[in-house]
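Data from my_file.pdb: PDB, C-alpha atoms, pLDDT in the B column
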ATOM      1  CA  MET Q   1     200.933 125.019 118.922  1.00 69.00           C
ATOM      2  CA  LYS Q   2     198.550 127.248 117.019  1.00 80.00           C
ATOM      3  CA  MET Q   3     197.866 130.771 118.300  1.00 73.00           C
ATOM      4  CA  THR Q   4     194.477 132.416 117.820  1.00 72.00           C
ATOM      5  CA  VAL Q   5     193.880 136.142 118.179  1.00 63.00           C
ATOM      6  CA  ARG Q   6     190.415 137.545 118.540  1.00 67.00           C
ATOM      7  CA  ILE Q   7     189.707 141.264 118.339  1.00 64.00           C
ATOM      8  CA  GLU Q   8     186.448 142.561 119.741  1.00 65.00           C
ATOM      9  CA  GLY Q   9     184.969 146.019 119.566  1.00 61.00           C
ATOM     10  CA  THR Q  10     185.946 146.778 115.974  1.00 65.00           C
ATOM     11  CA  ASP Q  11     182.389 147.895 115.193  1.00 70.00           C
ATOM     12  CA  GLN Q  12     182.632 150.559 117.897  1.00 66.00           C
ATOM     13  CA  ILE Q  13     186.070 151.636 116.663  1.00 66.00           C
ATOM     14  CA  ALA Q  14     184.675 151.999 113.139  1.00 68.00           C
ATOM     15  CA  ARG Q  15     181.722 154.074 114.452  1.00 70.00           C
ATOM     16  CA  ASN Q  16     184.100 156.285 116.421  1.00 65.00           C
ATOM     17  CA  LEU Q  17     186.337 156.846 113.383  1.00 64.00           C
ATOM     18  CA  ARG Q  18     183.327 157.707 111.190  1.00 71.00           C
ATOM     19  CA  ALA Q  19     182.105 160.175 113.818  1.00 68.00           C
ATOM     20  CA  MET Q  20     185.533 161.782 113.971  1.00 66.00           C
ATOM     21  CA  GLY Q  21     185.585 162.177 110.195  1.00 67.00           C
ATOM     22  CA  GLU Q  22     182.110 163.676 110.189  1.00 67.00           C
ATOM     23  CA  ALA Q  23     183.191 166.188 112.841  1.00 61.00           C
ATOM     24  CA  LEU Q  24     185.777 167.536 110.433  1.00 69.00           C
ATOM     25  CA  ARG Q  25     183.235 168.409 107.775  1.00 77.00           C
ATOM     26  CA  ARG Q  26     182.287 171.807 106.456  1.00 75.00           C
ATOM     27  CA  ASP Q  27     179.433 172.463 108.923  1.00 79.00           C
ATOM     28  CA  THR Q  28     181.822 172.053 111.869  1.00 83.00           C
ATOM     29  CA  LEU Q  29     185.011 173.580 110.505  1.00 88.00           C
ATOM     30  CA  VAL Q  30     183.679 176.691 108.750  1.00 91.00           C
ATOM     31  CA  PRO Q  31     182.290 178.290 111.941  1.00 92.00           C
ATOM     32  CA  ILE Q  32     185.556 177.511 113.760  1.00 93.00           C
ATOM     33  CA  ILE Q  33     187.650 179.054 110.991  1.00 93.00           C
ATOM     34  CA  GLU Q  34     185.376 182.087 110.720  1.00 96.00           C
ATOM     35  CA  GLU Q  35     185.627 182.736 114.459  1.00 96.00           C
ATOM     36  CA  GLU Q  36     189.407 182.451 114.373  1.00 96.00           C
ATOM     37  CA  LEU Q  37     189.695 184.809 111.374  1.00 97.00           C
ATOM     38  CA  GLU Q  38     187.477 187.494 112.890  1.00 97.00           C
ATOM     39  CA  PRO Q  39     190.316 189.115 114.931  1.00 97.00           C
ATOM     40  CA  MET Q  40     192.311 189.396 111.700  1.00 97.00           C
ATOM     41  CA  ALA Q  41     189.369 191.038 109.938  1.00 97.00           C
ATOM     42  CA  GLU Q  42     188.786 193.358 112.876  1.00 97.00           C
ATOM     43  CA  GLN Q  43     192.399 194.516 112.692  1.00 97.00           C
ATOM     44  CA  MET Q  44     192.005 195.109 108.933  1.00 97.00           C
ATOM     45  CA  ARG Q  45     188.915 197.211 109.628  1.00 96.00           C
ATOM     46  CA  SER Q  46     190.728 199.257 112.256  1.00 95.00           C
ATOM     47  CA  GLN Q  47     193.733 199.887 109.995  1.00 95.00           C
ATOM     48  CA  ALA Q  48     191.829 200.594 106.767  1.00 93.00           C
ATOM     49  CA  ALA Q  49     191.788 204.142 105.462  1.00 86.00           C
ATOM     50  CA  ARG Q  50     188.825 206.155 106.728  1.00 81.00           C
ATOM     51  CA  GLY Q  51     187.677 208.308 103.832  1.00 81.00           C
ATOM     52  CA  SER Q  52     184.021 207.377 103.545  1.00 85.00           C
ATOM     53  CA  GLY Q  53     184.374 204.284 105.722  1.00 87.00           C
ATOM     54  CA  GLU Q  54     183.316 202.086 102.803  1.00 94.00           C
ATOM     55  CA  LEU Q  55     186.628 200.222 102.719  1.00 95.00           C
ATOM     56  CA  ALA Q  56     186.611 199.282 106.394  1.00 95.00           C
ATOM     57  CA  GLU Q  57     182.947 198.293 106.226  1.00 95.00           C
ATOM     58  CA  SER Q  58     183.627 196.010 103.264  1.00 95.00           C
ATOM     59  CA  VAL Q  59     185.990 193.772 105.267  1.00 96.00           C
ATOM     60  CA  THR Q  60     184.249 190.479 105.960  1.00 96.00           C
ATOM     61  CA  VAL Q  61     184.926 186.860 106.899  1.00 97.00           C
ATOM     62  CA  GLY Q  62     183.102 184.151 104.978  1.00 95.00           C
ATOM     63  CA  THR Q  63     183.117 181.448 102.355  1.00 94.00           C
ATOM     64  CA  GLU Q  64     181.777 183.557  99.482  1.00 92.00           C
ATOM     65  CA  LEU Q  65     183.720 185.820  97.164  1.00 91.00           C
ATOM     66  CA  SER Q  66     182.357 188.498  94.863  1.00 89.00           C
ATOM     67  CA  PRO Q  67     181.901 187.371  91.256  1.00 91.00           C
ATOM     68  CA  ALA Q  68     185.060 189.239  90.217  1.00 87.00           C
ATOM     69  CA  GLN Q  69     187.099 187.753  93.073  1.00 89.00           C
ATOM     70  CA  ALA Q  70     185.724 184.263  92.397  1.00 91.00           C
ATOM     71  CA  ALA Q  71     186.669 184.532  88.718  1.00 92.00           C
ATOM     72  CA  MET Q  72     190.316 185.087  89.687  1.00 90.00           C
ATOM     73  CA  ASN Q  73     190.355 182.527  92.509  1.00 90.00           C
ATOM     74  CA  GLU Q  74     191.802 179.053  92.053  1.00 92.00           C
ATOM     75  CA  PRO Q  75     190.549 176.916  94.961  1.00 90.00           C
ATOM     76  CA  ILE Q  76     193.306 175.029  96.781  1.00 90.00           C
ATOM     77  CA  ALA Q  77     191.244 173.227  99.407  1.00 86.00           C
ATOM     78  CA  GLU Q  78     187.866 171.607  99.868  1.00 85.00           C
ATOM     79  CA  ILE Q  79     186.992 174.181 102.530  1.00 86.00           C
ATOM     80  CA  GLU Q  80     188.038 177.780 102.038  1.00 92.00           C
ATOM     81  CA  VAL Q  81     187.202 180.723 104.272  1.00 94.00           C
ATOM     82  CA  TYR Q  82     188.226 184.250 103.325  1.00 95.00           C
ATOM     83  CA  ALA Q  83     188.964 187.386 105.329  1.00 96.00           C
ATOM     84  CA  GLY Q  84     189.448 190.701 103.612  1.00 95.00           C
ATOM     85  CA  PRO Q  85     187.897 193.672 101.871  1.00 95.00           C
ATOM     86  CA  GLY Q  86     185.183 193.473  99.271  1.00 91.00           C
ATOM     87  CA  PRO Q  87     185.905 194.083  95.586  1.00 90.00           C
ATOM     88  CA  LEU Q  88     186.690 197.768  95.944  1.00 91.00           C
ATOM     89  CA  PRO Q  89     189.404 199.335  93.756  1.00 90.00           C
ATOM     90  CA  GLN Q  90     190.546 201.440  96.696  1.00 92.00           C
ATOM     91  CA  ALA Q  91     191.525 198.285  98.582  1.00 93.00           C
ATOM     92  CA  ILE Q  92     194.258 197.596  96.035  1.00 92.00           C
ATOM     93  CA  SER Q  93     195.342 201.238  95.945  1.00 93.00           C
ATOM     94  CA  GLU Q  94     195.540 201.417  99.722  1.00 94.00           C
ATOM     95  CA  GLU Q  95     197.441 198.153 100.098  1.00 94.00           C
ATOM     96  CA  PHE Q  96     199.935 198.626  97.252  1.00 95.00           C
ATOM     97  CA  GLY Q  97     199.782 202.308  96.400  1.00 94.00           C
ATOM     98  CA  ASN Q  98     199.528 203.893  92.960  1.00 93.00           C
ATOM     99  CA  VAL Q  99     201.041 206.779  91.048  1.00 94.00           C
ATOM    100  CA  HIS Q 100     199.142 209.241  93.237  1.00 93.00           C
ATOM    101  CA  GLN Q 101     199.635 207.739  96.699  1.00 92.00           C
ATOM    102  CA  GLU Q 102     202.053 205.736  98.753  1.00 95.00           C
ATOM    103  CA  PRO Q 103     201.004 202.265  99.882  1.00 95.00           C
ATOM    104  CA  ARG Q 104     199.175 202.120 103.210  1.00 95.00           C
ATOM    105  CA  PRO Q 105     199.000 198.387 103.825  1.00 96.00           C
ATOM    106  CA  PHE Q 106     196.257 197.144 106.113  1.00 96.00           C
ATOM    107  CA  ILE Q 107     195.706 193.585 104.855  1.00 96.00           C
ATOM    108  CA  ARG Q 108     199.183 192.075 105.036  1.00 96.00           C
ATOM    109  CA  PRO Q 109     200.084 193.467 108.479  1.00 97.00           C
ATOM    110  CA  SER Q 110     196.792 192.089 109.853  1.00 97.00           C
ATOM    111  CA  PHE Q 111     197.462 188.722 108.250  1.00 96.00           C
ATOM    112  CA  ASP Q 112     201.047 188.569 109.515  1.00 96.00           C
ATOM    113  CA  SER Q 113     200.127 189.389 113.099  1.00 96.00           C
ATOM    114  CA  ASN Q 114     197.177 186.957 113.286  1.00 96.00           C
ATOM    115  CA  VAL Q 115     197.880 183.965 111.056  1.00 95.00           C
ATOM    116  CA  ASP Q 116     199.934 181.872 113.503  1.00 95.00           C
ATOM    117  CA  ARG Q 117     197.366 182.229 116.285  1.00 96.00           C
ATOM    118  CA  ALA Q 118     194.493 181.473 113.911  1.00 95.00           C
ATOM    119  CA  LEU Q 119     196.149 178.355 112.490  1.00 93.00           C
ATOM    120  CA  LYS Q 120     197.012 176.979 115.912  1.00 95.00           C
ATOM    121  CA  ASN Q 121     193.510 177.607 117.240  1.00 94.00           C
ATOM    122  CA  VAL Q 122     191.773 176.126 114.190  1.00 92.00           C
ATOM    123  CA  GLY Q 123     193.959 173.025 114.516  1.00 89.00           C
ATOM    124  CA  ARG Q 124     193.348 172.712 118.239  1.00 91.00           C
ATOM    125  CA  ARG Q 125     189.611 173.272 117.961  1.00 91.00           C
ATOM    126  CA  GLY Q 126     189.327 170.893 114.996  1.00 85.00           C
ATOM    127  CA  ILE Q 127     191.124 168.173 116.923  1.00 83.00           C
ATOM    128  CA  ASP Q 128     188.909 168.820 119.952  1.00 85.00           C
ATOM    129  CA  ALA Q 129     185.791 168.504 117.768  1.00 82.00           C
ATOM    130  CA  ALA Q 130     187.045 165.257 116.232  1.00 78.00           C
ATOM    131  CA  LEU Q 131     187.983 163.743 119.571  1.00 78.00           C
ATOM    132  CA  SER Q 132     184.696 164.763 121.129  1.00 79.00           C
ATOM    133  CA  ALA Q 133     182.779 163.192 118.250  1.00 73.00           C
ATOM    134  CA  GLY Q 134     184.923 160.068 118.498  1.00 69.00           C
ATOM    135  CA  LYS Q 135     184.045 159.656 122.157  1.00 71.00           C
ATOM    136  CA  LYS Q 136     180.349 159.916 121.363  1.00 67.00           C
ATOM    137  CA  GLY Q 137     180.715 157.458 118.481  1.00 58.00           C
TER     138      GLY Q 137
END

Take the structure from the file and write it as structure tokens.
Amino acid sequence: MKMTVRIEGTDQIARNLRAMGEALRRDTLVPIIEEELEPMAEQMRSQAARGSGELAESVTVGTELSPAQAAMNEPIAEIEVYAGPGPLPQAISEEFGNVHQEPRPFIRPSFDSNVDRALKNVGRRGIDAALSAGKKG
């Protein structure tokens, strides 16, 4: 006796999988990541030294680095979003100290207290976006 198996609906499955993949592209993920990194950046701003206010105001979230920062950066992922101060020398002095001042870290403590929440939320929201797109097909 010969058994025959017929699978129907594979075209719809393929459309759903393509839609899910498209949902995880840059135009969907970058806004999600930026939103989830904003609390980290806000904490950096609040903990930055307040001389002129320039350091706190330079803290941003985005996909672009300054030319000097970009020259030192080695990309590790297709999509990268950054949170931190602009290319100000005082950012390094504040974070790590120098011969004239003790370190007053504001970047690492903000990262440490926000990274787990941000990663979980980006993962959850990315999965939600993919599943939603898959349902629409």

The PyMOL selection byres ((chain Q and resi 62-74) around 10) applied to the shown file, residues as an MDAnalysis selection string: chainID Q and resid 30:31 33:35 37:38 60:61 75:77 79:84 86:87

Evaluating the PyMOL selection byres ((chain Q and resi 96-108) around 12) on the displayed file yields which residues, as a PyMOL selection string? chain Q and resi 40-50+55-56+59-60+83-86+89-95+109-115

Output file for the selection above: C-alpha atoms, as a JSON list (two decimals), in the frame of the given file:
[["chain", "number", "residue", "atom", "x", "y", "z"],
["Q", 40, "MET", "CA", 192.31, 189.40, 111.70],
["Q", 41, "ALA", "CA", 189.37, 191.04, 109.94],
["Q", 42, "GLU", "CA", 188.79, 193.36, 112.88],
["Q", 43, "GLN", "CA", 192.40, 194.52, 112.69],
["Q", 44, "MET", "CA", 192.00, 195.11, 108.93],
["Q", 45, "ARG", "CA", 188.92, 197.21, 109.63],
["Q", 46, "SER", "CA", 190.73, 199.26, 112.26],
["Q", 47, "GLN", "CA", 193.73, 199.89, 110.00],
["Q", 48, "ALA", "CA", 191.83, 200.59, 106.77],
["Q", 49, "ALA", "CA", 191.79, 204.14, 105.46],
["Q", 50, "ARG", "CA", 188.82, 206.16, 106.73],
["Q", 55, "LEU", "CA", 186.63, 200.22, 102.72],
["Q", 56, "ALA", "CA", 186.61, 199.28, 106.39],
["Q", 59, "VAL", "CA", 185.99, 193.77, 105.27],
["Q", 60, "THR", "CA", 184.25, 190.48, 105.96],
["Q", 83, "ALA", "CA", 188.96, 187.39, 105.33],
["Q", 84, "GLY", "CA", 189.45, 190.70, 103.61],
["Q", 85, "PRO", "CA", 187.90, 193.67, 101.87],
["Q", 86, "GLY", "CA", 185.18, 193.47, 99.27],
["Q", 89, "PRO", "CA", 189.40, 199.34, 93.76],
["Q", 90, "GLN", "CA", 190.55, 201.44, 96.70],
["Q", 91, "ALA", "CA", 191.52, 198.28, 98.58],
["Q", 92, "ILE", "CA", 194.26, 197.60, 96.04],
["Q", 93, "SER", "CA", 195.34, 201.24, 95.94],
["Q", 94, "GLU", "CA", 195.54, 201.42, 99.72],
["Q", 95, "GLU", "CA", 197.44, 198.15, 100.10],
["Q", 109, "PRO", "CA", 200.08, 193.47, 108.48],
["Q", 110, "SER", "CA", 196.79, 192.09, 109.85],
["Q", 111, "PHE", "CA", 197.46, 188.72, 108.25],
["Q", 112, "ASP", "CA", 201.05, 188.57, 109.52],
["Q", 113, "SER", "CA", 200.13, 189.39, 113.10],
["Q", 114, "ASN", "CA", 197.18, 186.96, 113.29],
["Q", 115, "VAL", "CA", 197.88, 183.96, 111.06]]

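What separates CA of Arg18 (chain Q) from CA of Asn121 (chain Q) is a distance of 23.2 Å.
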
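What separates CA of Leu119 (chain Q) from CA of Pro39 (chain Q) is a distance of 12.5 Å.
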
I'd like to know which of Q:Leu88, Q:Asp116, Q:Leu131, Q:Gly123 is closest to Glu57 (chain Q), using only C-alpha atoms. Q:Leu88

re CA of Val122 (chain Q) and CA of Glu36 (chain Q): distance 6.8 Å

How big is the axis-aligned box around all listed atoms of region 68-79 of chain Q once 4 Å goes on each side, and where's its centre, in Å to one decimal, as JSON?
{"center_x": 189.2, "center_y": 180.4, "center_z": 95.6, "size_x": 16.2, "size_y": 25.6, "size_z": 21.8}

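Distances to Asp27 (chain Q) were evaluated for Q:Ala129, Q:Arg15, Q:Gly51, Q:Ser58 using all atoms listed in the file, and the minimum falls at Q:Ala129.
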
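Each of Q:Gly126, Q:Ala118, Q:Arg25, Q:Gly53 was checked against Glu78 (chain Q) using only C-alpha atoms; the smallest atom-to-atom distance is that of Q:Arg25.
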
Please rebuild region 46-57 of chain Q with all heavy atoms and give the result as a PDB file, in the frame of the given file.
ATOM      1  N   SER Q  46     190.197 198.147 111.458  1.00 95.00           N
ATOM      2  CA  SER Q  46     190.728 199.257 112.256  1.00 95.00           C
ATOM      3  C   SER Q  46     191.881 199.974 111.558  1.00 95.00           C
ATOM      4  O   SER Q  46     192.114 201.145 111.808  1.00 95.00           O
ATOM      5  CB  SER Q  46     191.173 198.759 113.635  1.00 95.00           C
ATOM      6  OG  SER Q  46     192.341 197.990 113.547  1.00 95.00           O
ATOM      7  N   GLN Q  47     192.587 199.276 110.676  1.00 95.00           N
ATOM      8  CA  GLN Q  47     193.733 199.887 109.995  1.00 95.00           C
ATOM      9  C   GLN Q  47     193.411 200.409 108.597  1.00 95.00           C
ATOM     10  O   GLN Q  47     194.239 201.062 107.975  1.00 95.00           O
ATOM     11  CB  GLN Q  47     194.884 198.878 109.908  1.00 95.00           C
ATOM     12  CG  GLN Q  47     195.476 198.550 111.248  1.00 95.00           C
ATOM     13  CD  GLN Q  47     196.631 197.560 111.151  1.00 95.00           C
ATOM     14  OE1 GLN Q  47     196.937 197.018 110.099  1.00 95.00           O
ATOM     15  NE2 GLN Q  47     197.270 197.323 112.280  1.00 95.00           N
ATOM     16  N   ALA Q  48     192.209 200.132 108.100  1.00 93.00           N
ATOM     17  CA  ALA Q  48     191.829 200.594 106.767  1.00 93.00           C
ATOM     18  C   ALA Q  48     191.675 202.112 106.756  1.00 93.00           C
ATOM     19  O   ALA Q  48     191.316 202.719 107.764  1.00 93.00           O
ATOM     20  CB  ALA Q  48     190.517 199.939 106.343  1.00 93.00           C
ATOM     21  N   ALA Q  49     191.939 202.692 105.617  1.00 86.00           N
ATOM     22  CA  ALA Q  49     191.788 204.142 105.462  1.00 86.00           C
ATOM     23  C   ALA Q  49     190.341 204.532 105.741  1.00 86.00           C
ATOM     24  O   ALA Q  49     189.411 203.777 105.465  1.00 86.00           O
ATOM     25  CB  ALA Q  49     192.172 204.552 104.049  1.00 86.00           C
ATOM     26  N   ARG Q  50     190.155 205.711 106.306  1.00 81.00           N
ATOM     27  CA  ARG Q  50     188.825 206.155 106.728  1.00 81.00           C
ATOM     28  C   ARG Q  50     188.330 207.351 105.934  1.00 81.00           C
ATOM     29  O   ARG Q  50     187.978 208.377 106.501  1.00 81.00           O
ATOM     30  CB  ARG Q  50     188.846 206.517 108.209  1.00 81.00           C
ATOM     31  CG  ARG Q  50     189.072 205.365 109.108  1.00 81.00           C
ATOM     32  CD  ARG Q  50     187.843 204.510 109.143  1.00 81.00           C
ATOM     33  NE  ARG Q  50     188.112 203.363 110.009  1.00 81.00           N
ATOM     34  CZ  ARG Q  50     187.256 202.421 110.240  1.00 81.00           C
ATOM     35  NH1 ARG Q  50     186.086 202.459 109.680  1.00 81.00           N
ATOM     36  NH2 ARG Q  50     187.576 201.422 111.017  1.00 81.00           N
ATOM     37  N   GLY Q  51     188.283 207.238 104.613  1.00 81.00           N
ATOM     38  CA  GLY Q  51     187.677 208.308 103.832  1.00 81.00           C
ATOM     39  C   GLY Q  51     186.185 208.322 104.094  1.00 81.00           C
ATOM     40  O   GLY Q  51     185.678 209.013 104.964  1.00 81.00           O
ATOM     41  N   SER Q  52     185.471 207.492 103.356  1.00 85.00           N
ATOM     42  CA  SER Q  52     184.021 207.377 103.545  1.00 85.00           C
ATOM     43  C   SER Q  52     183.664 206.277 104.535  1.00 85.00           C
ATOM     44  O   SER Q  52     182.520 206.167 104.958  1.00 85.00           O
ATOM     45  CB  SER Q  52     183.356 207.064 102.198  1.00 85.00           C
ATOM     46  OG  SER Q  52     183.728 205.765 101.765  1.00 85.00           O
ATOM     47  N   GLY Q  53     184.638 205.418 104.856  1.00 87.00           N
ATOM     48  CA  GLY Q  53     184.374 204.284 105.722  1.00 87.00           C
ATOM     49  C   GLY Q  53     183.954 203.047 104.952  1.00 87.00           C
ATOM     50  O   GLY Q  53     183.814 201.966 105.518  1.00 87.00           O
ATOM     51  N   GLU Q  54     183.762 203.191 103.639  1.00 94.00           N
ATOM     52  CA  GLU Q  54     183.316 202.086 102.803  1.00 94.00           C
ATOM     53  C   GLU Q  54     184.326 200.936 102.791  1.00 94.00           C
ATOM     54  O   GLU Q  54     183.939 199.765 102.832  1.00 94.00           O
ATOM     55  CB  GLU Q  54     183.070 202.580 101.374  1.00 94.00           C
ATOM     56  CG  GLU Q  54     182.533 201.529 100.441  1.00 94.00           C
ATOM     57  CD  GLU Q  54     182.332 202.052  99.038  1.00 94.00           C
ATOM     58  OE1 GLU Q  54     183.025 203.019  98.625  1.00 94.00           O
ATOM     59  OE2 GLU Q  54     181.492 201.477  98.331  1.00 94.00           O
ATOM     60  N   LEU Q  55     185.597 201.259 102.770  1.00 95.00           N
ATOM     61  CA  LEU Q  55     186.628 200.222 102.719  1.00 95.00           C
ATOM     62  C   LEU Q  55     186.613 199.376 103.986  1.00 95.00           C
ATOM     63  O   LEU Q  55     186.572 198.143 103.926  1.00 95.00           O
ATOM     64  CB  LEU Q  55     188.011 200.848 102.512  1.00 95.00           C
ATOM     65  CG  LEU Q  55     189.187 199.889 102.434  1.00 95.00           C
ATOM     66  CD1 LEU Q  55     189.008 198.873 101.305  1.00 95.00           C
ATOM     67  CD2 LEU Q  55     190.478 200.675 102.222  1.00 95.00           C
ATOM     68  N   ALA Q  56     186.625 200.021 105.126  1.00 95.00           N
ATOM     69  CA  ALA Q  56     186.611 199.282 106.394  1.00 95.00           C
ATOM     70  C   ALA Q  56     185.340 198.454 106.531  1.00 95.00           C
ATOM     71  O   ALA Q  56     185.392 197.308 106.977  1.00 95.00           O
ATOM     72  CB  ALA Q  56     186.735 200.251 107.575  1.00 95.00           C
ATOM     73  N   GLU Q  57     184.215 199.017 106.124  1.00 95.00           N
ATOM     74  CA  GLU Q  57     182.947 198.293 106.226  1.00 95.00           C
ATOM     75  C   GLU Q  57     182.872 197.101 105.284  1.00 95.00           C
ATOM     76  O   GLU Q  57     182.088 196.183 105.507  1.00 95.00           O
ATOM     77  CB  GLU Q  57     181.779 199.240 105.961  1.00 95.00           C
ATOM     78  CG  GLU Q  57     181.577 200.260 107.062  1.00 95.00           C
ATOM     79  CD  GLU Q  57     180.550 201.321 106.689  1.00 95.00           C
ATOM     80  OE1 GLU Q  57     179.853 201.164 105.665  1.00 95.00           O
ATOM     81  OE2 GLU Q  57     180.463 202.314 107.427  1.00 95.00           O
TER      82      GLU Q  57
END
